[in-house]
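Colleague: The structure's right below; bear with me while I get my questions together.
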Amino acid sequence: MVVLGIESTAHTASVGIVDEEAKVLALASDMHRPTAGGIHPREAANHHVELLPGLVAKALEDGHVRPKEIDAVAFAQGPGLGPCLRAGATVARMLSLAWNRPLVPVNHCVAHVEIARVLSGLTDPILLYASGGNTQVIAYFRGRYRVLGETLDIGIGNFLDKLWIGLGGTFPGGPALELEARRGSELHPLPYSVHGMDVAFSGMLTAALALRAKGVPRTELAYSVEVTAYSMLTEITERAVAHRRRNEVVLGGGVACNERLRGMVREMIEGRGGTTFAPPRSLCVDNGAMIAWTGHLALEEGLVAAVEESAVQPRQRTDLVLTPWRERNGTSRPAPTVPLLASPA
Ligand code: AMP
Ligand code: MG
């Protein structure tokens with residue numbers, strides 16, 4: 001079985017082709033880079049519309065796969081930016097109809113967990129999902145993937161990007177800040193906003209820019225921001241680990257490429273006798289291979305959609321998505337026997 005997956009939730013247009021052993025046969029991606037300011041959904045969608053047909057062709061060519069060898073077409077249904085999602089979904093529907101193959105909608109956040117799970121061999125890890133628009137701690141229990149904690153304002157990646165642009169840099173800010181922060185050593189106090197298992201970053205953004213205006217060197221600021229923000233993420237992950245009594249953590253999202261964040265999470269979980277895993281960069285950032293792999297899992301369960309039922313869901317909630325494959329493989333808890341949400345009295 002071979003599934004082609006299309007990712008287009010935000011900046012990245014990507015096409016992956018994956019076989020039933022989770023071997024990535026091909027991965028072709030291109031990221032929209034705004035020249036000024038943040039991401040504009042319409043501009044990013046135009047980028048995806050323009051590039052996706054070529055990325056499909058490139059993936060087929062790179063993977064030496066003929067269209068008739070593709071068994072299903074999966075696409076990211078949500079959550080994400082509406083125009084961007086629609087660009088990917090339209091291409092997926094078109095391929096599904098042209099090739100007469102099933103169409104498989106996939107949740108983007110679940111796909112980050114599933115690719116990390118299959119690559120690591122960890123059966124029931126907690127996911128720290130740290131990307132541009134999303135910052136969430138996700139765990140599987142009682143039949144669903146559930147968001148235990150998340151950002152109350154902006155995603156960690158957007159925060160890093162805005163900060164770097166505010167410091168005179170260009171998008172994307174995360175990797176540039178990482179290089180800058182490596183040379184820093186002096187910790188300047190910044191707002192540390194952890195609320196239960198949730199976090200917030202906008203106060204830190206304002207405070208960091210104010211420190212810069214007072215003359216704190218960019219290097220020290222980058223160092224202080226990384227240490228503070230990644231401590232917050234490590235803390236909420238540890239809370240989830242302690243609460244769920246799990247000792248496995250996987251990382252996903254572009255910010256999870258950061259060595260300091262990886263190191264802090266590793267130190268935390270190893271201190272508790274557990275293990276951590278982060279996929280290689282190409283499978284950590286948004287990518288079509290994770291959509292294709294999750295498409296395999298969904299396809300086995302018959303979770304296919306007719307074209308008229310395949311509308312994108314920009315606000316799709318992870319805990320409303322069915323993941324029946326988890327009942328059989330890897331959950332250490334029985335399926336729920338009580339309603340998942342208490343019904344009103
Ligand atoms: P994603 O939204 O998952 O595609 O990831 C994009 C985000 O990851 C952007 O906000 C980048 O600034 C951020 N990012 C990428 N690499 C790194 C890194 N090494 N350290 C911190 N942030 C990063
Ligand atoms: Mg993502």
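Residue names in the structure tokens use chain letters A, B, ... in the order shown, residue numbers from 1 in each chain, and ligand numbers from 1 in the order shown.
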Counting only C-alpha atoms and all ligand atoms, which protein, DNA or RNA residues come within 8 Å of ligand 1, given as a tab-separated table (two decimals) with N, CA and C atoms, in the first residue's frame?
Modeller:
```tsv
chain	number	residue	atom	x	y	z
A	10	ALA	N	-0.52	25.79	6.83
A	10	ALA	CA	-0.02	27.15	7.09
A	10	ALA	C	1.01	27.57	6.04
A	11	HIS	N	2.27	27.78	6.44
A	11	HIS	CA	3.30	28.26	5.51
A	11	HIS	C	3.69	27.23	4.45
A	12	THR	N	3.62	25.95	4.84
A	12	THR	CA	4.28	24.92	4.04
A	12	THR	C	3.32	24.16	3.14
A	130	ALA	N	5.38	22.03	19.22
A	130	ALA	CA	5.82	23.42	19.27
A	130	ALA	C	6.11	23.90	17.86
A	131	SER	N	5.14	24.62	17.27
A	131	SER	CA	5.34	25.05	15.89
A	131	SER	C	5.08	26.54	15.79
A	132	GLY	N	4.91	27.04	14.54
A	132	GLY	CA	4.66	28.45	14.36
A	132	GLY	C	3.35	28.86	15.02
A	133	GLY	N	2.27	28.24	14.60
A	133	GLY	CA	0.95	28.64	15.08
A	133	GLY	C	0.45	27.84	16.28
A	134	ASN	N	1.05	26.69	16.55
A	134	ASN	CA	0.54	25.81	17.61
A	134	ASN	C	1.57	25.60	18.72
A	156	ILE	N	4.42	29.48	19.97
A	156	ILE	CA	5.82	29.78	20.31
A	156	ILE	C	6.62	30.22	19.09
A	157	GLY	N	6.39	29.59	17.94
A	157	GLY	CA	7.14	29.94	16.73
A	157	GLY	C	6.80	31.36	16.26
A	158	ASN	N	5.51	31.69	16.30
A	158	ASN	CA	5.11	33.05	15.91
A	158	ASN	C	5.74	34.07	16.85
A	159	PHE	N	5.80	33.70	18.13
A	159	PHE	CA	6.44	34.58	19.12
A	159	PHE	C	7.91	34.81	18.75
A	160	LEU	N	8.64	33.73	18.47
A	160	LEU	CA	10.06	33.86	18.12
A	160	LEU	C	10.25	34.66	16.83
A	161	ASP	N	9.34	34.41	15.86
A	161	ASP	CA	9.43	35.13	14.58
A	161	ASP	C	9.19	36.62	14.77
A	171	PHE	N	12.05	36.73	8.69
A	171	PHE	CA	11.40	35.44	8.91
A	171	PHE	C	12.23	34.32	8.27
A	172	PRO	N	12.33	33.14	8.83
A	172	PRO	CA	11.82	32.72	10.14
A	172	PRO	C	12.82	33.06	11.26
A	173	GLY	N	12.28	33.44	12.41
A	173	GLY	CA	13.15	33.93	13.49
A	173	GLY	C	13.77	32.83	14.34
A	174	GLY	N	13.05	31.70	14.49
A	174	GLY	CA	13.51	30.66	15.42
A	174	GLY	C	14.94	30.19	15.19
A	175	PRO	N	15.27	29.79	13.95
A	175	PRO	CA	16.64	29.29	13.71
A	175	PRO	C	17.70	30.36	13.92
A	176	ALA	N	17.39	31.61	13.52
A	176	ALA	CA	18.36	32.70	13.69
A	176	ALA	C	18.57	33.00	15.17
A	177	LEU	N	17.47	33.02	15.94
A	177	LEU	CA	17.59	33.25	17.38
A	177	LEU	C	18.41	32.14	18.04
A	178	GLU	N	18.25	30.92	17.52
A	178	GLU	CA	19.00	29.80	18.11
A	178	GLU	C	20.50	30.03	17.96
A	252	GLY	N	7.39	17.58	18.22
A	252	GLY	CA	6.98	17.85	16.84
A	252	GLY	C	6.83	19.34	16.63
A	253	GLY	N	6.82	19.76	15.36
A	253	GLY	CA	6.70	21.18	15.04
A	253	GLY	C	8.07	21.80	14.80
A	254	GLY	N	8.09	22.90	14.06
A	254	GLY	CA	9.36	23.53	13.67
A	254	GLY	C	10.24	23.90	14.84
A	255	VAL	N	9.63	24.38	15.93
A	255	VAL	CA	10.44	24.82	17.07
A	255	VAL	C	11.10	23.61	17.77
A	256	ALA	N	10.53	22.44	17.55
A	256	ALA	CA	11.11	21.23	18.13
A	256	ALA	C	12.43	20.84	17.44
A	257	CYS	N	12.82	21.60	16.40
A	257	CYS	CA	14.15	21.39	15.80
A	257	CYS	C	15.22	22.02	16.68
A	258	ASN	N	14.81	22.84	17.64
A	258	ASN	CA	15.77	23.61	18.44
A	258	ASN	C	16.53	22.70	19.42
A	259	GLU	N	17.85	22.81	19.37
A	259	GLU	CA	18.70	21.92	20.19
A	259	GLU	C	18.54	22.18	21.68
A	284	CYS	N	9.84	16.78	11.27
A	284	CYS	CA	9.45	17.49	12.49
A	284	CYS	C	8.61	18.71	12.10
A	285	VAL	N	9.06	19.41	11.06
A	285	VAL	CA	8.29	20.55	10.54
A	285	VAL	C	7.07	20.00	9.80
A	286	ASP	N	6.19	20.90	9.38
A	286	ASP	CA	5.00	20.46	8.63
A	286	ASP	C	5.45	19.73	7.37
```
Colleague: For Ser96 (chain A), list every protein, DNA or RNA residue within 9 Å, evaluated using only C-alpha atoms, and leave out those in the same chain fewer than 5 positions away; present the list as a PDB file with C-alpha atoms, in the first residue's frame.
Modeller:
```pdb
ATOM      1  CA  ALA A  72      -5.116   6.551  -1.508  1.00  0.00           C
ATOM      2  CA  VAL A  73      -4.785  10.323  -1.271  1.00  0.00           C
ATOM      3  CA  ALA A  74      -4.667  11.839   2.228  1.00  0.00           C
ATOM      4  CA  VAL A  91      -5.585  19.219  -5.087  1.00  0.00           C
ATOM      5  CA  ARG A 101      -8.586   6.365  -5.268  1.00  0.00           C
ATOM      6  CA  PRO A 102     -10.064   6.960  -1.793  1.00  0.00           C
ATOM      7  CA  LEU A 103      -9.758  10.366  -0.188  1.00  0.00           C
ATOM      8  CA  VAL A 307     -15.672  14.504  -1.970  1.00  0.00           C
TER       9      VAL A 307
END
```
Colleague: Between CA of Val24 (chain A) and CA of Gly295 (chain A), what is the distance, to one decimal in Å?
Modeller: 13.1 Å
Colleague: Choose the residue, out of A:Leu163, A:Ile291, A:Ala89, A:Ala210, that has the smallest atom-to-atom separation from ligand 2; count only C-alpha atoms and all ligand atoms.
Modeller: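 Checking each candidate against ligand 2, we get A:Ile291 as the closest.
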Colleague: Among region 60-303 of chain A, which ones does DSSP place in strand (DSSP E or B), written as a PyMOL selection string?
Modeller: chain A and resi 72-78+103-107+126-130+135-141+144-151+194-195+198-199+248-252+275-277
Colleague: Neighbouring residues of region 48-65 of chain A were defined as those with any atom within 10 Å, considering only C-alpha atoms; residues of the same chain fewer than 4 positions away were excluded. Please report them as an NGL selection string.
Modeller: :A and (2 or 4-18 or 24-32 or 42-44 or 69-70 or 83-88 or 90-92 or 95)
Colleague: Mind writing the picked residues with N, CA and C atoms as a tab-separated table (two decimals), in the first residue's frame?
Modeller:
```tsv
chain	number	residue	atom	x	y	z
A	2	VAL	N	0.49	2.19	-0.82
A	2	VAL	CA	1.23	3.44	-0.90
A	2	VAL	C	0.22	4.60	-0.82
A	4	LEU	N	-0.34	8.85	-0.82
A	4	LEU	CA	0.22	10.18	-1.07
A	4	LEU	C	-0.49	11.15	-0.12
A	5	GLY	N	0.28	11.96	0.60
A	5	GLY	CA	-0.29	12.90	1.58
A	5	GLY	C	0.03	14.33	1.23
A	6	ILE	N	-0.96	15.20	1.43
A	6	ILE	CA	-0.78	16.63	1.13
A	6	ILE	C	-0.95	17.45	2.39
A	7	GLU	N	0.05	18.28	2.67
A	7	GLU	CA	0.03	19.17	3.83
A	7	GLU	C	-0.03	20.61	3.32
A	8	SER	N	-0.97	21.40	3.89
A	8	SER	CA	-1.05	22.81	3.47
A	8	SER	C	-1.74	23.65	4.55
A	9	THR	N	-1.47	23.34	5.84
A	9	THR	CA	-2.23	24.04	6.88
A	9	THR	C	-1.79	25.49	7.09
A	10	ALA	N	-0.52	25.79	6.83
A	10	ALA	CA	-0.02	27.15	7.09
A	10	ALA	C	1.01	27.57	6.04
A	11	HIS	N	2.27	27.78	6.44
A	11	HIS	CA	3.30	28.26	5.51
A	11	HIS	C	3.69	27.23	4.45
A	12	THR	N	3.62	25.95	4.84
A	12	THR	CA	4.28	24.92	4.04
A	12	THR	C	3.32	24.16	3.14
A	13	ALA	N	3.70	24.06	1.87
A	13	ALA	CA	3.01	23.16	0.94
A	13	ALA	C	3.92	21.95	0.80
A	14	SER	N	3.37	20.75	1.02
A	14	SER	CA	4.24	19.58	1.01
A	14	SER	C	3.48	18.35	0.55
A	15	VAL	N	4.21	17.50	-0.19
A	15	VAL	CA	3.63	16.25	-0.68
A	15	VAL	C	4.56	15.11	-0.27
A	16	GLY	N	4.00	14.13	0.41
A	16	GLY	CA	4.79	12.97	0.82
A	16	GLY	C	4.19	11.70	0.27
A	17	ILE	N	5.05	10.74	-0.03
A	17	ILE	CA	4.57	9.42	-0.45
A	17	ILE	C	5.19	8.39	0.49
A	18	VAL	N	4.32	7.60	1.13
A	18	VAL	CA	4.77	6.71	2.21
A	18	VAL	C	4.18	5.32	2.00
A	24	VAL	N	9.40	6.52	3.94
A	24	VAL	CA	9.10	7.71	3.15
A	24	VAL	C	9.75	7.54	1.78
A	25	LEU	N	8.92	7.33	0.76
A	25	LEU	CA	9.45	7.10	-0.58
A	25	LEU	C	9.84	8.43	-1.23
A	26	ALA	N	9.10	9.48	-0.87
A	26	ALA	CA	9.42	10.81	-1.41
A	26	ALA	C	8.79	11.88	-0.54
A	27	LEU	N	9.48	13.02	-0.49
A	27	LEU	CA	8.93	14.17	0.24
A	27	LEU	C	9.37	15.44	-0.48
A	28	ALA	N	8.39	16.19	-0.99
A	28	ALA	CA	8.70	17.43	-1.70
A	28	ALA	C	7.96	18.57	-1.02
A	29	SER	N	8.69	19.56	-0.53
A	29	SER	CA	8.08	20.64	0.25
A	29	SER	C	8.58	22.00	-0.21
A	30	ASP	N	7.76	23.00	0.02
A	30	ASP	CA	8.20	24.38	-0.21
A	30	ASP	C	7.47	25.29	0.77
A	31	MET	N	8.23	26.17	1.42
A	31	MET	CA	7.66	27.03	2.45
A	31	MET	C	7.47	28.44	1.91
A	32	HIS	N	6.28	28.97	2.15
A	32	HIS	CA	6.01	30.37	1.81
A	32	HIS	C	6.72	31.27	2.83
A	42	ARG	N	-4.17	34.43	2.55
A	42	ARG	CA	-4.45	34.41	1.10
A	42	ARG	C	-3.15	34.28	0.30
A	43	GLU	N	-2.12	35.01	0.74
A	43	GLU	CA	-0.84	34.93	0.02
A	43	GLU	C	-0.23	33.54	0.15
A	44	ALA	N	-0.33	32.96	1.35
A	44	ALA	CA	0.21	31.61	1.54
A	44	ALA	C	-0.57	30.63	0.68
A	69	GLU	N	0.15	3.42	-8.90
A	69	GLU	CA	0.64	2.70	-7.71
A	69	GLU	C	0.21	3.36	-6.41
A	70	ILE	N	-0.40	4.52	-6.51
A	70	ILE	CA	-0.91	5.21	-5.31
A	70	ILE	C	-2.26	4.59	-4.93
A	83	PRO	N	-7.96	29.35	3.82
A	83	PRO	CA	-7.56	29.37	2.40
A	83	PRO	C	-6.44	28.38	2.09
A	84	CYS	N	-5.51	28.20	3.05
A	84	CYS	CA	-4.39	27.29	2.83
A	84	CYS	C	-4.89	25.85	2.80
A	85	LEU	N	-5.76	25.52	3.77
A	85	LEU	CA	-6.32	24.17	3.82
A	85	LEU	C	-7.08	23.87	2.53
A	86	ARG	N	-7.84	24.84	2.05
A	86	ARG	CA	-8.66	24.60	0.85
A	86	ARG	C	-7.77	24.34	-0.37
A	87	ALA	N	-6.63	25.00	-0.43
A	87	ALA	CA	-5.72	24.77	-1.56
A	87	ALA	C	-5.28	23.30	-1.59
A	88	GLY	N	-4.87	22.78	-0.44
A	88	GLY	CA	-4.42	21.38	-0.38
A	88	GLY	C	-5.56	20.41	-0.62
A	90	THR	N	-8.27	20.85	-2.31
A	90	THR	CA	-8.71	20.86	-3.71
A	90	THR	C	-7.81	19.97	-4.56
A	91	VAL	N	-6.52	20.06	-4.33
A	91	VAL	CA	-5.59	19.22	-5.09
A	91	VAL	C	-5.82	17.74	-4.74
A	92	ALA	N	-6.04	17.46	-3.44
A	92	ALA	CA	-6.26	16.07	-3.01
A	92	ALA	C	-7.53	15.51	-3.65
A	95	LEU	N	-6.92	14.75	-7.35
A	95	LEU	CA	-6.13	13.54	-7.57
A	95	LEU	C	-6.96	12.29	-7.28
```
Colleague: Using only C-alpha atoms for the distances, tell me which of A:Arg317, A:Lys23, A:Arg245, A:Lys214 is nearest to Ile115 (chain A).
Modeller: A:Lys23
Colleague: Which of these residues is nearest to ligand 2, using only C-alpha atoms and all ligand atoms: A:Gly288, A:Leu187, A:Asn100, A:Leu179?
Modeller: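 Using only C-alpha atoms and all ligand atoms, the shortest distance to ligand 2 belongs to A:Gly288.
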Colleague: May I ask for the distance between CA of Pro324 (chain A) and CA of Glu248 (chain A), given in Å to one decimal place?
Modeller: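 Taking CA of Pro324 (chain A) as the start and CA of Glu248 (chain A) as the end point, the length is 21.1 Å.
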Colleague: For Thr237 (chain A), please output as a VMD selection string all residues within 12 Å (counting only C-alpha atoms; exclusion window: fewer than 6 positions along the same chain).
Modeller: chain A and resid 125 to 130 135 to 139 147 to 150 194 196 to 199 230 to 231 243 to 251 261 264 to 266 268 to 269 276
Colleague: Any chance you could export the current selection's N, CA and C atoms as a short mmCIF file (atom, residue, chain, number, x, y, z; two decimals), in the first residue's frame?
Modeller:
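Contents of the output file again-v4.cif:
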```cif
data_model
loop_
_atom_site.label_atom_id
_atom_site.label_comp_id
_atom_site.auth_asym_id
_atom_site.auth_seq_id
_atom_site.Cartn_x
_atom_site.Cartn_y
_atom_site.Cartn_z
N PRO A 125 3.46 7.82 23.70
CA PRO A 125 4.17 9.00 24.20
C PRO A 125 3.25 10.22 24.34
N ILE A 126 3.71 11.17 25.12
CA ILE A 126 3.08 12.50 25.16
C ILE A 126 3.80 13.35 24.12
N LEU A 127 3.04 14.15 23.37
CA LEU A 127 3.64 15.00 22.34
C LEU A 127 3.74 16.43 22.82
N LEU A 128 4.95 16.99 22.75
CA LEU A 128 5.10 18.44 22.87
C LEU A 128 5.15 18.97 21.45
N TYR A 129 4.09 19.67 21.08
CA TYR A 129 3.95 20.15 19.71
C TYR A 129 4.21 21.65 19.71
N ALA A 130 5.38 22.03 19.22
CA ALA A 130 5.82 23.42 19.27
C ALA A 130 6.11 23.90 17.86
N THR A 135 1.08 25.55 19.92
CA THR A 135 1.91 25.14 21.06
C THR A 135 0.99 24.33 21.95
N GLN A 136 1.18 23.03 21.96
CA GLN A 136 0.25 22.16 22.70
C GLN A 136 1.00 20.98 23.29
N VAL A 137 0.45 20.49 24.40
CA VAL A 137 0.89 19.21 24.95
C VAL A 137 -0.28 18.25 24.76
N ILE A 138 -0.03 17.16 24.05
CA ILE A 138 -1.10 16.26 23.64
C ILE A 138 -0.83 14.86 24.19
N ALA A 139 -1.85 14.25 24.76
CA ALA A 139 -1.72 12.87 25.25
C ALA A 139 -2.94 12.07 24.81
N VAL A 147 -5.77 17.55 24.16
CA VAL A 147 -4.87 18.67 24.41
C VAL A 147 -4.90 18.96 25.90
N LEU A 148 -3.78 18.67 26.57
CA LEU A 148 -3.73 18.88 28.03
C LEU A 148 -3.35 20.31 28.38
N GLY A 149 -2.54 20.91 27.53
CA GLY A 149 -2.12 22.29 27.78
C GLY A 149 -1.81 22.94 26.46
N GLU A 150 -1.92 24.26 26.41
CA GLU A 150 -1.63 24.95 25.15
C GLU A 150 -1.36 26.42 25.40
N VAL A 194 3.30 30.53 33.05
CA VAL A 194 2.73 29.19 33.04
C VAL A 194 1.47 29.25 33.89
N GLY A 196 -1.22 26.67 35.05
CA GLY A 196 -1.60 25.26 35.01
C GLY A 196 -0.76 24.56 33.96
N MET A 197 -1.41 24.00 32.96
CA MET A 197 -0.64 23.38 31.87
C MET A 197 -0.65 24.27 30.62
N ASP A 198 -1.06 25.51 30.78
CA ASP A 198 -1.07 26.44 29.64
C ASP A 198 0.09 27.44 29.76
N VAL A 199 0.40 28.06 28.63
CA VAL A 199 1.48 29.06 28.61
C VAL A 199 1.01 30.30 27.84
N TYR A 230 11.63 28.05 26.71
CA TYR A 230 11.74 26.59 26.64
C TYR A 230 11.61 25.95 28.02
N SER A 231 11.94 26.71 29.08
CA SER A 231 11.67 26.21 30.43
C SER A 231 10.17 26.07 30.64
N HIS A 243 1.18 13.87 35.44
CA HIS A 243 -0.27 13.68 35.55
C HIS A 243 -0.71 12.37 34.89
N ARG A 244 -0.18 12.10 33.70
CA ARG A 244 -0.57 10.90 32.95
C ARG A 244 0.25 9.68 33.34
N ARG A 245 1.24 9.88 34.21
CA ARG A 245 2.14 8.79 34.60
C ARG A 245 2.74 8.10 33.39
N ARG A 246 3.28 8.93 32.50
CA ARG A 246 3.94 8.44 31.29
C ARG A 246 5.42 8.77 31.41
N ASN A 247 6.27 8.01 30.75
CA ASN A 247 7.67 8.44 30.75
C ASN A 247 8.27 8.48 29.35
N GLU A 248 7.39 8.77 28.38
CA GLU A 248 7.86 8.92 27.01
C GLU A 248 7.33 10.25 26.46
N VAL A 249 8.26 11.01 25.86
CA VAL A 249 7.85 12.28 25.24
C VAL A 249 8.39 12.32 23.81
N VAL A 250 7.53 12.68 22.87
CA VAL A 250 8.02 12.96 21.51
C VAL A 250 7.78 14.43 21.21
N LEU A 251 8.62 14.94 20.30
CA LEU A 251 8.54 16.35 19.94
C LEU A 251 8.09 16.49 18.50
N LEU A 261 15.84 23.33 23.25
CA LEU A 261 14.55 22.77 23.69
C LEU A 261 14.65 21.24 23.78
N MET A 264 16.61 20.33 26.90
CA MET A 264 15.90 20.57 28.17
C MET A 264 14.85 19.48 28.39
N VAL A 265 14.13 19.12 27.34
CA VAL A 265 13.10 18.08 27.48
C VAL A 265 13.78 16.73 27.79
N ARG A 266 14.92 16.49 27.13
CA ARG A 266 15.65 15.23 27.36
C ARG A 266 16.09 15.14 28.82
N MET A 268 14.85 16.64 31.40
CA MET A 268 13.68 16.48 32.28
C MET A 268 13.22 15.02 32.30
N ILE A 269 13.07 14.44 31.10
CA ILE A 269 12.45 13.10 31.05
C ILE A 269 13.45 12.03 31.50
N THR A 276 12.97 10.28 25.32
CA THR A 276 12.39 11.27 24.42
C THR A 276 12.87 11.01 23.00
#
```
Colleague: DSSP says helix (DSSP H, G or I) for which residues of region 6-44 of chain A? Put them as a PyMOL selection string?
Modeller: chain A and resi 41-44
Colleague: Please indicate the distance in Å from CA of Ala111 (chain A) to CA of Thr294 (chain A), rounded to one decimal place.
Modeller: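 Calculated distance between CA of Ala111 (chain A) and CA of Thr294 (chain A) is 5.5 Å.
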Colleague: Considering only C-alpha atoms and all ligand atoms, state which residue in the set A:Cys109, A:Val3, A:Ala98, A:Leu299 is at the smallest distance from ligand 2.
Modeller: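 Answer, going by the shortest atom-to-atom distance: A:Cys109.
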Colleague: May I ask which of the residues A:Gly121, A:Gly155, A:Gly38, A:Gly82 is the closest one to ligand 2, counting only C-alpha atoms and all ligand atoms?
Modeller: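 Among A:Gly121, A:Gly155, A:Gly38, A:Gly82, it is A:Gly155 that comes nearest to ligand 2.
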